[in-house]
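Next up, entry_31.csv (CSV, C-alpha atoms):
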```
chain,number,residue,atom,x,y,z
A,1,MET,CA,71.0,31.5,-18.7
A,2,SER,CA,67.9,30.7,-20.7
A,3,ASP,CA,68.1,28.8,-23.9
A,4,PRO,CA,66.6,30.7,-26.9
A,5,LEU,CA,65.7,27.5,-28.7
A,6,GLN,CA,63.7,26.4,-25.7
A,7,ASN,CA,61.8,29.7,-25.5
A,8,ALA,CA,61.0,29.5,-29.1
A,9,THR,CA,59.6,26.0,-28.7
A,10,ILE,CA,57.5,26.8,-25.6
A,11,GLY,CA,55.8,29.9,-27.2
A,12,PRO,CA,53.9,28.2,-30.0
A,13,ILE,CA,52.9,25.3,-27.7
A,14,GLN,CA,51.4,27.7,-25.2
A,15,THR,CA,49.6,29.6,-27.9
A,16,GLU,CA,48.2,26.3,-29.3
A,17,VAL,CA,47.0,25.3,-25.8
A,18,THR,CA,45.3,28.6,-25.4
A,19,GLU,CA,43.6,28.3,-28.8
A,20,ILE,CA,42.4,24.7,-28.0
A,21,SER,CA,41.0,25.8,-24.6
A,22,THR,CA,39.2,28.7,-26.3
A,23,GLU,CA,37.7,26.4,-28.9
A,24,GLU,CA,36.7,23.9,-26.2
A,25,ARG,CA,35.0,26.7,-24.2
A,26,LEU,CA,33.1,27.9,-27.2
A,27,ARG,CA,32.0,24.4,-28.0
A,28,ARG,CA,30.7,23.9,-24.4
A,29,VAL,CA,28.8,27.2,-24.6
A,30,ALA,CA,27.2,26.2,-27.9
A,31,TYR,CA,26.4,22.8,-26.5
A,32,GLY,CA,24.7,24.4,-23.5
A,33,ALA,CA,22.8,26.8,-25.7
A,34,ILE,CA,21.5,23.9,-27.8
A,35,ILE,CA,20.4,22.0,-24.7
A,36,PHE,CA,18.6,25.1,-23.4
A,37,ILE,CA,16.8,25.7,-26.7
A,38,GLY,CA,15.8,22.1,-26.9
A,39,PHE,CA,14.5,22.2,-23.3
A,40,VAL,CA,12.4,25.3,-24.1
A,41,VAL,CA,11.0,23.7,-27.3
A,42,LEU,CA,10.2,20.5,-25.3
A,43,VAL,CA,8.3,22.5,-22.6
A,44,VAL,CA,6.3,24.3,-25.3
A,45,VAL,CA,5.4,21.1,-27.1
A,46,LEU,CA,4.3,19.5,-23.8
A,47,GLU,CA,2.1,22.5,-23.0
A,48,LEU,CA,0.5,22.7,-26.5
A,49,ALA,CA,-0.1,19.0,-26.9
A,50,GLN,CA,-1.3,18.4,-23.3
A,51,SER,CA,-4.7,17.0,-24.3
A,52,ILE,CA,-3.0,14.3,-26.3
A,53,LEU,CA,0.3,13.6,-24.6
A,54,ALA,CA,-1.0,13.7,-21.0
A,55,PRO,CA,-3.3,10.7,-21.3
A,56,LEU,CA,-0.8,8.8,-23.4
A,57,VAL,CA,2.1,9.3,-21.0
A,58,LEU,CA,-0.2,8.4,-18.1
A,59,ALA,CA,-1.2,5.3,-19.9
A,60,MET,CA,2.4,4.3,-20.6
A,61,ILE,CA,3.3,4.8,-16.9
A,62,VAL,CA,0.3,2.8,-15.7
A,63,GLY,CA,1.2,0.1,-18.3
A,64,LEU,CA,4.7,-0.1,-16.9
A,65,VAL,CA,3.2,-0.6,-13.4
A,66,PHE,CA,1.0,-3.4,-14.7
A,67,GLY,CA,4.0,-5.0,-16.4
A,68,PRO,CA,4.9,-7.6,-13.8
A,69,LEU,CA,1.2,-8.6,-13.4
A,70,VAL,CA,0.7,-9.2,-17.1
A,71,GLU,CA,3.9,-11.1,-17.3
A,72,ARG,CA,2.6,-13.6,-14.7
A,73,ILE,CA,-0.7,-13.8,-16.6
A,74,GLU,CA,1.1,-14.5,-19.9
A,75,ALA,CA,3.2,-17.2,-18.2
A,76,TYR,CA,0.1,-19.4,-18.3
A,77,GLY,CA,-0.1,-19.1,-22.1
A,78,VAL,CA,-2.6,-16.2,-22.2
A,79,PRO,CA,-2.1,-14.0,-25.3
A,80,ALA,CA,-0.8,-10.5,-24.9
A,81,TRP,CA,-4.0,-8.8,-26.0
A,82,VAL,CA,-6.0,-10.8,-23.5
A,83,SER,CA,-3.7,-9.8,-20.6
A,84,ALA,CA,-3.9,-6.2,-21.7
A,85,MET,CA,-7.7,-6.4,-21.6
A,86,ILE,CA,-7.6,-8.0,-18.1
A,87,ALA,CA,-5.3,-5.1,-16.9
A,88,VAL,CA,-7.7,-2.5,-18.3
A,89,LEU,CA,-10.8,-4.2,-16.8
A,90,LEU,CA,-9.0,-4.5,-13.5
A,91,LEU,CA,-8.1,-0.7,-13.5
A,92,LEU,CA,-11.8,0.1,-14.4
A,93,LEU,CA,-12.9,-2.1,-11.5
A,94,LEU,CA,-10.6,-0.3,-9.1
A,95,ILE,CA,-11.9,3.1,-10.3
A,96,GLY,CA,-15.5,1.9,-10.1
A,97,LEU,CA,-14.9,0.8,-6.5
A,98,ALA,CA,-13.4,4.2,-5.6
A,99,ILE,CA,-16.3,6.1,-7.2
A,100,THR,CA,-18.8,3.9,-5.3
A,101,GLY,CA,-17.0,4.6,-2.1
A,102,PHE,CA,-17.2,8.3,-2.8
A,103,ALA,CA,-20.7,8.5,-4.2
A,104,VAL,CA,-22.9,7.9,-1.2
A,105,PRO,CA,-21.2,10.0,1.5
A,106,LEU,CA,-20.4,12.7,-1.1
A,107,SER,CA,-24.0,13.0,-2.1
A,108,ASP,CA,-24.9,13.4,1.6
A,109,TRP,CA,-22.4,16.3,1.9
A,110,MET,CA,-23.7,17.9,-1.3
A,111,ASP,CA,-27.2,18.0,0.2
A,112,ARG,CA,-25.7,19.6,3.3
A,113,LEU,CA,-23.6,22.1,1.3
A,114,PRO,CA,-26.0,25.1,1.6
A,115,VAL,CA,-26.1,24.7,5.4
A,116,ILE,CA,-22.3,24.3,5.5
A,117,TRP,CA,-21.8,27.4,3.4
A,118,ALA,CA,-24.2,29.4,5.6
A,119,ARG,CA,-22.3,28.3,8.6
A,120,ILE,CA,-18.9,29.2,7.1
A,121,GLN,CA,-20.3,32.6,6.2
A,122,ASN,CA,-21.4,33.2,9.8
A,123,GLU,CA,-17.9,32.2,11.0
A,124,LEU,CA,-16.3,34.5,8.5
A,125,ALA,CA,-18.6,37.3,9.7
A,126,ASN,CA,-16.8,37.1,13.0
A,127,TRP,CA,-13.6,38.0,11.2
A,128,LYS,CA,-15.1,41.1,9.7
A,129,GLY,CA,-13.0,43.4,11.8
A,130,LEU,CA,-9.8,41.7,10.7
A,131,ILE,CA,-10.9,41.7,7.0
A,132,GLU,CA,-11.7,45.5,7.3
A,133,THR,CA,-8.3,46.1,8.8
A,134,ILE,CA,-6.6,44.3,6.0
A,135,SER,CA,-8.7,46.2,3.4
A,136,SER,CA,-7.7,49.5,5.1
A,137,LEU,CA,-4.0,48.6,5.0
A,138,GLN,CA,-4.4,47.6,1.3
A,139,SER,CA,-5.9,51.0,0.5
A,140,GLN,CA,-3.1,52.8,2.4
A,141,PHE,CA,-0.4,50.8,0.5
A,142,SER,CA,-2.2,51.6,-2.7
A,143,GLU,CA,-2.3,55.3,-2.0
A,144,MET,CA,1.4,55.2,-1.0
A,145,ALA,CA,2.2,53.5,-4.3
A,146,GLY,CA,0.3,56.2,-6.2
A,147,GLY,CA,-2.5,53.8,-7.3
A,148,ASP,CA,-6.2,53.9,-7.2
A,149,PRO,CA,-7.7,51.6,-4.5
A,150,ALA,CA,-10.8,51.2,-6.7
A,151,SER,CA,-8.6,49.8,-9.4
A,152,MET,CA,-7.6,46.9,-7.2
A,153,THR,CA,-11.1,45.6,-6.8
A,154,VAL,CA,-11.5,42.1,-8.1
A,155,ASN,CA,-14.8,41.3,-9.9
A,156,VAL,CA,-15.8,37.7,-10.2
A,157,ALA,CA,-18.1,37.0,-13.0
A,158,ASN,CA,-20.7,34.4,-12.6
A,159,GLY,CA,-20.2,31.9,-15.4
A,160,ASP,CA,-22.7,29.6,-16.7
A,161,THR,CA,-21.9,26.3,-15.1
A,162,VAL,CA,-24.0,24.3,-17.6
A,163,LYS,CA,-22.2,25.8,-20.5
A,164,GLN,CA,-18.8,25.1,-18.9
A,165,VAL,CA,-19.7,21.5,-18.3
A,166,ALA,CA,-21.0,21.1,-21.8
A,167,PHE,CA,-17.8,22.5,-23.2
A,168,PHE,CA,-15.3,20.4,-21.1
A,169,ALA,CA,-17.3,17.1,-21.0
A,170,PRO,CA,-16.5,16.0,-24.6
A,171,SER,CA,-12.8,16.9,-24.2
A,172,LEU,CA,-12.6,14.9,-20.9
A,173,ALA,CA,-14.4,11.9,-22.4
A,174,ALA,CA,-12.0,12.0,-25.4
A,175,GLN,CA,-9.0,12.0,-23.0
A,176,ILE,CA,-10.4,9.1,-21.0
A,177,ILE,CA,-10.9,7.1,-24.2
A,178,LEU,CA,-7.4,8.0,-25.3
A,179,PHE,CA,-6.0,6.9,-22.0
A,180,LEU,CA,-7.8,3.5,-22.0
A,181,ALA,CA,-6.8,2.9,-25.6
A,182,GLY,CA,-3.2,3.9,-24.9
A,183,LEU,CA,-3.1,1.6,-21.8
A,184,PHE,CA,-4.4,-1.3,-23.8
A,185,PHE,CA,-2.0,-0.9,-26.7
A,186,SER,CA,1.0,-0.1,-24.5
A,187,ILE,CA,0.5,-3.4,-22.7
A,188,ALA,CA,-0.5,-5.5,-25.7
A,189,THR,CA,2.4,-4.3,-27.8
A,190,ARG,CA,5.1,-3.9,-25.2
A,191,HIS,CA,7.1,-6.9,-26.5
A,192,GLN,CA,7.2,-5.4,-30.0
A,193,MET,CA,8.2,-2.0,-28.6
A,194,LYS,CA,11.0,-3.6,-26.5
A,195,TYR,CA,12.3,-5.5,-29.5
A,196,SER,CA,12.3,-2.4,-31.7
A,197,ILE,CA,14.2,-0.4,-29.0
A,198,LEU,CA,16.8,-3.2,-28.5
A,199,MET,CA,17.4,-3.6,-32.2
A,200,ARG,CA,18.6,0.0,-32.4
A,201,ALA,CA,21.6,-0.9,-30.3
A,202,ASP,CA,24.6,-1.6,-32.6
A,203,SER,CA,26.4,-4.2,-30.4
A,204,GLY,CA,25.6,-7.1,-28.1
A,205,PRO,CA,26.9,-5.4,-24.8
A,206,ARG,CA,24.9,-2.3,-25.5
A,207,ARG,CA,21.8,-4.3,-26.3
A,208,LYS,CA,22.2,-6.2,-23.1
A,209,ALA,CA,22.7,-3.0,-21.1
A,210,LEU,CA,19.6,-1.5,-22.7
A,211,ALA,CA,17.5,-4.6,-21.9
A,212,ARG,CA,18.6,-4.4,-18.3
A,213,MET,CA,17.7,-0.8,-18.1
A,214,ILE,CA,14.1,-1.5,-19.4
A,215,VAL,CA,13.7,-4.3,-16.9
A,216,ASP,CA,15.0,-2.0,-14.2
A,217,ILE,CA,12.5,0.7,-15.1
A,218,GLU,CA,9.6,-1.8,-15.0
A,219,LYS,CA,10.6,-3.4,-11.7
A,220,ARG,CA,11.4,-0.2,-9.8
A,221,LEU,CA,8.4,1.7,-11.1
A,222,SER,CA,6.0,-1.1,-10.4
A,223,SER,CA,7.5,-1.6,-7.0
A,224,TYR,CA,7.3,2.1,-6.3
A,225,MET,CA,3.6,2.4,-7.3
A,226,LEU,CA,2.6,-0.8,-5.5
A,227,ASN,CA,4.3,0.3,-2.3
A,228,VAL,CA,2.9,3.8,-2.5
A,229,SER,CA,-0.6,2.4,-3.1
A,230,MET,CA,-0.3,0.2,0.0
A,231,ILE,CA,0.9,3.1,2.0
A,232,ASN,CA,-1.9,5.3,0.9
A,233,LEU,CA,-4.4,2.6,1.5
A,234,GLY,CA,-3.1,2.3,5.1
A,235,LEU,CA,-3.3,6.1,5.4
A,236,ALA,CA,-7.0,6.0,4.2
A,237,VAL,CA,-7.8,3.4,6.8
A,238,ALA,CA,-6.1,5.4,9.6
A,239,VAL,CA,-7.7,8.7,8.6
A,240,SER,CA,-11.1,7.0,8.4
A,241,LEU,CA,-10.7,5.5,11.9
A,242,ALA,CA,-9.4,8.7,13.3
A,243,MET,CA,-12.3,10.8,11.9
A,244,TRP,CA,-14.8,8.2,13.2
A,245,LEU,CA,-13.2,8.4,16.7
A,246,ILE,CA,-13.5,12.2,16.9
A,247,GLY,CA,-17.0,12.2,15.5
A,248,VAL,CA,-16.6,13.6,12.0
A,249,PRO,CA,-19.5,12.5,9.8
A,250,SER,CA,-18.7,10.3,6.7
A,251,PRO,CA,-15.3,9.2,8.0
A,252,MET,CA,-14.8,6.8,5.0
A,253,LEU,CA,-15.1,9.7,2.6
A,254,TRP,CA,-12.3,11.6,4.2
A,255,GLY,CA,-10.1,8.5,4.4
A,256,LEU,CA,-10.6,7.8,0.7
A,257,LEU,CA,-9.9,11.4,-0.2
A,258,ALA,CA,-6.8,11.5,1.9
A,259,GLY,CA,-5.5,8.3,0.3
A,260,MET,CA,-6.2,9.6,-3.2
A,261,LEU,CA,-4.6,13.0,-2.6
A,262,ASN,CA,-1.5,11.5,-1.0
A,263,PHE,CA,-0.4,10.3,-4.5
A,264,ILE,CA,0.4,13.9,-5.2
A,265,ILE,CA,3.4,14.5,-2.9
A,266,TYR,CA,3.4,17.8,-0.9
A,267,ILE,CA,0.4,19.3,-2.8
A,268,GLY,CA,-2.1,16.6,-1.9
A,269,PRO,CA,-1.6,16.7,1.9
A,270,ALA,CA,-1.8,20.5,1.8
A,271,ILE,CA,-5.2,20.4,-0.1
A,272,MET,CA,-6.4,17.8,2.3
A,273,SER,CA,-5.5,19.9,5.3
A,274,VAL,CA,-7.5,22.8,3.9
A,275,ILE,CA,-10.5,20.5,3.3
A,276,MET,CA,-10.4,19.1,6.8
A,277,LEU,CA,-10.2,22.7,8.2
A,278,ALA,CA,-13.3,23.6,6.2
A,279,VAL,CA,-15.1,20.5,7.6
A,280,GLY,CA,-14.2,21.5,11.1
A,281,LEU,CA,-15.4,25.0,10.5
A,282,SER,CA,-18.7,23.7,9.2
A,283,LEU,CA,-19.3,21.5,12.2
A,284,HIS,CA,-18.2,23.4,15.2
A,285,SER,CA,-17.9,26.9,16.6
A,286,GLN,CA,-15.1,26.5,19.1
A,287,LEU,CA,-11.6,27.0,17.8
A,288,ALA,CA,-10.2,23.7,19.3
A,289,LEU,CA,-13.0,21.7,17.7
A,290,ILE,CA,-12.6,23.5,14.4
A,291,ILE,CA,-9.0,22.6,13.9
A,292,ALA,CA,-9.3,19.1,15.4
A,293,PRO,CA,-10.0,17.3,12.1
A,294,ALA,CA,-7.1,19.0,10.3
A,295,ALA,CA,-4.8,18.6,13.3
A,296,VAL,CA,-5.5,14.8,13.5
A,297,TYR,CA,-5.0,14.4,9.8
A,298,LEU,CA,-1.7,16.3,9.9
A,299,LEU,CA,-0.5,14.1,12.7
A,300,ILE,CA,-1.3,10.9,10.8
A,301,ASN,CA,0.3,12.3,7.6
A,302,PHE,CA,3.4,13.4,9.6
A,303,LEU,CA,3.8,9.9,11.0
A,304,GLU,CA,3.3,8.4,7.5
A,305,ALA,CA,5.7,10.8,5.8
A,306,GLN,CA,8.5,10.7,8.4
A,307,PHE,CA,8.5,7.0,9.4
A,308,VAL,CA,6.4,4.7,7.2
A,309,THR,CA,7.3,6.0,3.7
A,310,PRO,CA,11.1,6.3,4.3
A,311,MET,CA,11.2,2.8,5.7
A,312,VAL,CA,9.2,1.3,2.8
A,313,LEU,CA,10.6,3.3,-0.1
A,314,GLY,CA,14.1,3.9,1.2
A,315,ARG,CA,15.7,1.5,-1.3
A,316,ILE,CA,13.5,2.4,-4.2
A,317,MET,CA,13.5,6.2,-4.0
A,318,THR,CA,16.9,7.8,-3.5
A,319,VAL,CA,16.2,11.0,-5.2
A,320,ASN,CA,16.9,14.4,-3.7
A,321,PRO,CA,13.6,15.8,-2.2
A,322,PHE,CA,14.3,19.2,-3.8
A,323,LEU,CA,14.4,17.5,-7.2
A,324,ILE,CA,11.1,15.8,-6.4
A,325,PHE,CA,9.6,19.2,-5.5
A,326,LEU,CA,10.9,20.8,-8.7
A,327,SER,CA,9.5,17.9,-10.8
A,328,LEU,CA,6.2,18.2,-9.0
A,329,VAL,CA,5.9,21.9,-9.6
A,330,GLY,CA,7.0,21.6,-13.2
A,331,TRP,CA,4.6,18.8,-14.1
A,332,ILE,CA,1.6,20.3,-12.3
A,333,TRP,CA,2.3,23.6,-14.1
A,334,LEU,CA,2.3,21.8,-17.4
A,335,TRP,CA,-0.4,19.1,-17.0
A,336,GLY,CA,-2.3,19.8,-13.8
A,337,ALA,CA,-3.5,16.9,-11.8
A,338,VAL,CA,-2.1,14.3,-14.3
A,339,GLY,CA,1.2,16.0,-14.0
A,340,GLY,CA,1.1,15.8,-10.2
A,341,PHE,CA,0.5,12.1,-10.4
A,342,ILE,CA,3.3,11.3,-12.9
A,343,ALA,CA,5.9,13.7,-11.5
A,344,VAL,CA,7.6,11.2,-9.2
A,345,PRO,CA,7.4,8.3,-11.7
A,346,MET,CA,8.9,10.4,-14.4
A,347,LEU,CA,11.7,11.5,-12.1
A,348,LEU,CA,12.3,7.9,-11.2
A,349,ILE,CA,12.5,6.9,-14.8
A,350,GLY,CA,14.9,9.7,-15.5
A,351,GLN,CA,17.1,8.7,-12.7
A,352,ILE,CA,17.3,5.1,-13.9
A,353,VAL,CA,18.0,6.2,-17.5
A,354,LEU,CA,20.9,8.4,-16.4
A,355,SER,CA,22.3,5.7,-14.2
A,356,HIS,CA,22.4,3.3,-17.2
A,357,GLY,CA,23.1,5.8,-19.9
A,358,ASP,CA,26.9,5.7,-19.7
A,359,PHE,CA,27.1,2.0,-20.0
A,360,ILE,CA,24.7,1.9,-23.0
A,361,ALA,CA,26.8,4.6,-24.7
A,362,SER,CA,30.1,2.9,-24.0
A,363,GLY,CA,28.9,-0.6,-24.7
A,364,GLU,CA,30.2,-1.9,-21.4
A,365,GLY,CA,28.3,-4.1,-18.9
A,366,LEU,CA,26.2,-2.7,-16.1
A,367,ARG,CA,27.2,-2.5,-12.5
A,368,VAL,CA,25.1,-4.6,-10.2
```

Could I get this file's structure written as structure tokens?
Amino acid sequence: MSDPLQNATIGPIQTEVTEISTEERLRRVAYGAIIFIGFVVLVVVLELAQSILAPLVLAMIVGLVFGPLVERIEAYGVPAWVSAMIAVLLLLLLIGLAITGFAVPLSDWMDRLPVIWARIQNELANWKGLIETISSLQSQFSEMAGGDPASMTVNVANGDTVKQVAFFAPSLAAQIILFLAGLFFSIATRHQMKYSILMRADSGPRRKALARMIVDIEKRLSSYMLNVSMINLGLAVAVSLAMWLIGVPSPMLWGLLAGMLNFIIYIGPAIMSVIMLAVGLSLHSQLALIIAPAAVYLLINFLEAQFVTPMVLGRIMTVNPFLIFLSLVGWIWLWGAVGGFIAVPMLLIGQIVLSHGDFIASGEGLRV
């Protein structure tokens, strides 16, 4: 036999629990909506302020990479602004060496470009039947869809190259200056920035956790970029030797290009494969010889991606490859080539911040 008093007590409690769960559900929905709106606003701001934010963010990441080096320089009593200037000059030296390595062979290929283009056109003429078949299928699909085949014609207007260069050159020069200035000041004032960030922590444990997070970001990011640079340098040497062995002209050019493009994960190797296929198409007429440069490059890249990189970066990069792909697509969509370069470092920084965020918020120590 049920107790009326017990039933009367349980009823209000169940109603109160239901009300609390409903309020909690609404609170979570509102919280999710705020996060979504904030994310959309952030994407819009990143897109609109690309010309300013892209070189500054790139400068900050490169500054973090140079962090351990300038720390060693300053250990000898060198002022911070002098170490920052040394880092900037060292970067300019590396860029100058890369440009020098590209300049001579690239000028040779530019002189041969008309001949290469004529040869590619002759090869494409052999595919005329396939192209006509595809065009016929396109017309048939258009008619089935009720459209006009003529409306699907793509007209490419010949733009004035000189005007385009004159329009973009000042903007590019301004971004380069902004990058170099941002790199100098991010290195020269990094101690002040660290101090101002740490002073925002309201307790000793949180401040200590925040300091460890900053050190972790510098060490892991610097280690990642250094190891990736060494891997790409080895890839450049391997590709250069392989192209020399199979008789491809200017092997050093293709090795340097492969090493540079390999900084952009997934996208860079795909672009390099297309370039090597075009090189083979410009040099040979037999199918096996046409695909040989691209095939050799893909083999070297496969060995590097499947064996060398996981062995070297296994302890540094533990991010899901799908997240890397999403970060790469998103940043390239926003900032182009600069976004492709900073996609993985930004993801690595985000992973470190999330791994330390709970301890900073709670004021507890960090797990080793």

Find the residues of stretch 281-349 of chain A that sit at most 9 Å from stretch 228-247 of chain A; for each, write down the nearest two atoms and how far apart they are in Å, to one decimal. Count all atoms listed in the file. Sort by chain, then by number going up, and give it as CSV.
```
residue,atom,partner,partner_atom,distance
A:Ala292,CA,A:Ile246,CA,8.2
A:Pro293,CA,A:Met243,CA,6.9
A:Val296,CA,A:Ala242,CA,7.2
A:Tyr297,CA,A:Val239,CA,6.4
A:Ile300,CA,A:Val239,CA,7.1
A:Asn301,CA,A:Leu235,CA,7.5
A:Glu304,CA,A:Leu235,CA,7.3
A:Val308,CA,A:Ile231,CA,7.7
A:Thr309,CA,A:Ile231,CA,7.2
A:Val312,CA,A:Ile231,CA,8.5
A:Leu313,CA,A:Val228,CA,8.1
```

Identify, on the basis of all atoms listed in the file, every residue whose closest approach to A:Ile349 does not exceed 9 Å; exclude the query and any residue fewer than 4 positions from it along the same chain; express the result as a PyMOL selection string. chain A and resi 217+220-221+344-345+353-354

Write out as an mmCIF file with C-alpha atoms, in the frame of the given file which residues come within 8 Å of stretch 43-55 of chain A when counting only C-alpha atoms, dropping same-chain ones fewer than 2 positions away.
```cif
data_model
loop_
_atom_site.group_PDB
_atom_site.id
_atom_site.type_symbol
_atom_site.label_atom_id
_atom_site.label_comp_id
_atom_site.auth_asym_id
_atom_site.auth_seq_id
_atom_site.Cartn_x
_atom_site.Cartn_y
_atom_site.Cartn_z
ATOM 1 C CA PHE A 39 14.500 22.200 -23.300
ATOM 2 C CA VAL A 40 12.400 25.300 -24.100
ATOM 3 C CA VAL A 41 11.000 23.700 -27.300
ATOM 4 C CA VAL A 57 2.100 9.300 -21.000
ATOM 5 C CA LEU A 58 -0.200 8.400 -18.100
ATOM 6 C CA ALA A 59 -1.200 5.300 -19.900
ATOM 7 C CA GLN A 175 -9.000 12.000 -23.000
ATOM 8 C CA ILE A 176 -10.400 9.100 -21.000
ATOM 9 C CA LEU A 178 -7.400 8.000 -25.300
ATOM 10 C CA PHE A 179 -6.000 6.900 -22.000
ATOM 11 C CA GLY A 182 -3.200 3.900 -24.900
ATOM 12 C CA LEU A 334 2.300 21.800 -17.400
ATOM 13 C CA TRP A 335 -0.400 19.100 -17.000
ATOM 14 C CA VAL A 338 -2.100 14.300 -14.300
ATOM 15 C CA GLY A 339 1.200 16.000 -14.000
#
```

Which protein, DNA or RNA residues are at most 10 Å from (2.5, 19.1, -3.0) in the file's coordinates when you count only C-alpha atoms, listed as number ranges by chain? A: 261-271, 324-325, 328-329, 332, 340

Who sits within 8 Å of A:Pro68, all atoms listed in the file, same chain under 2 positions skipped, as a PyMOL selection string: chain A and resi 65-66+70-72+218-219+222

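Using all atoms listed in the file for every distance, the candidate list A:Leu253, A:Ile290, A:Met260, A:Val62 yields A:Val62 as the residue closest to A:Phe185.
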
Two-atom distance - atom CA of A:Pro105, atom CA of A:Trp254 (Å): 9.4 Å

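Separating atom CA of A:Trp331 from atom CA of A:Leu347 is a distance of 10.4 Å.
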
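Here atom CA of A:Leu64 and atom CA of A:Ile214 stand 9.8 Å from one another.
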
Of A:Ala295, A:Ala211, A:Leu348, A:Val248, the one sitting nearest A:Met225 when using only C-alpha atoms is A:Leu348

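The nearest approach to A:Ser107 among the residues A:Ser250, A:Leu299, A:Gly259, A:Ala294, with all atoms listed in the file taken into account, belongs to A:Ser250.
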
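Among the candidates A:Leu113, A:Trp81, A:Leu198, A:Ile61, the residue lying nearest to A:Tyr224 is A:Ile61 (atoms considered: all atoms listed in the file).
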
Closest pair table for stretch 29-87 of chain A residues within 7 Å of stretch 187-195 of chain A, only C-alpha atoms, as CSV:
```
residue,atom,partner,partner_atom,distance
A:Gly63,CA,A:Ile187,CA,5.7
A:Ala80,CA,A:Ala188,CA,5.1
A:Trp81,CA,A:Ala188,CA,4.8
A:Ala84,CA,A:Ala188,CA,5.3
```

Can those selected residues be exported to a file as a compact mmCIF listing (two decimals), in the frame of the given file so that it contains C-alpha atoms?
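Contents of the output file out_35.txt:
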```txt
# COMPACT_ATOMS: atom_id res chain seq x y z
CA GLY A 63 1.20 0.10 -18.30
CA ALA A 80 -0.80 -10.50 -24.90
CA TRP A 81 -4.00 -8.80 -26.00
CA ALA A 84 -3.90 -6.20 -21.70
```

Nearest to A:Asp216, chosen from A:Pro310, A:Gly96, A:Gly350, A:Gly32, with only C-alpha atoms counted in the distances: A:Gly350
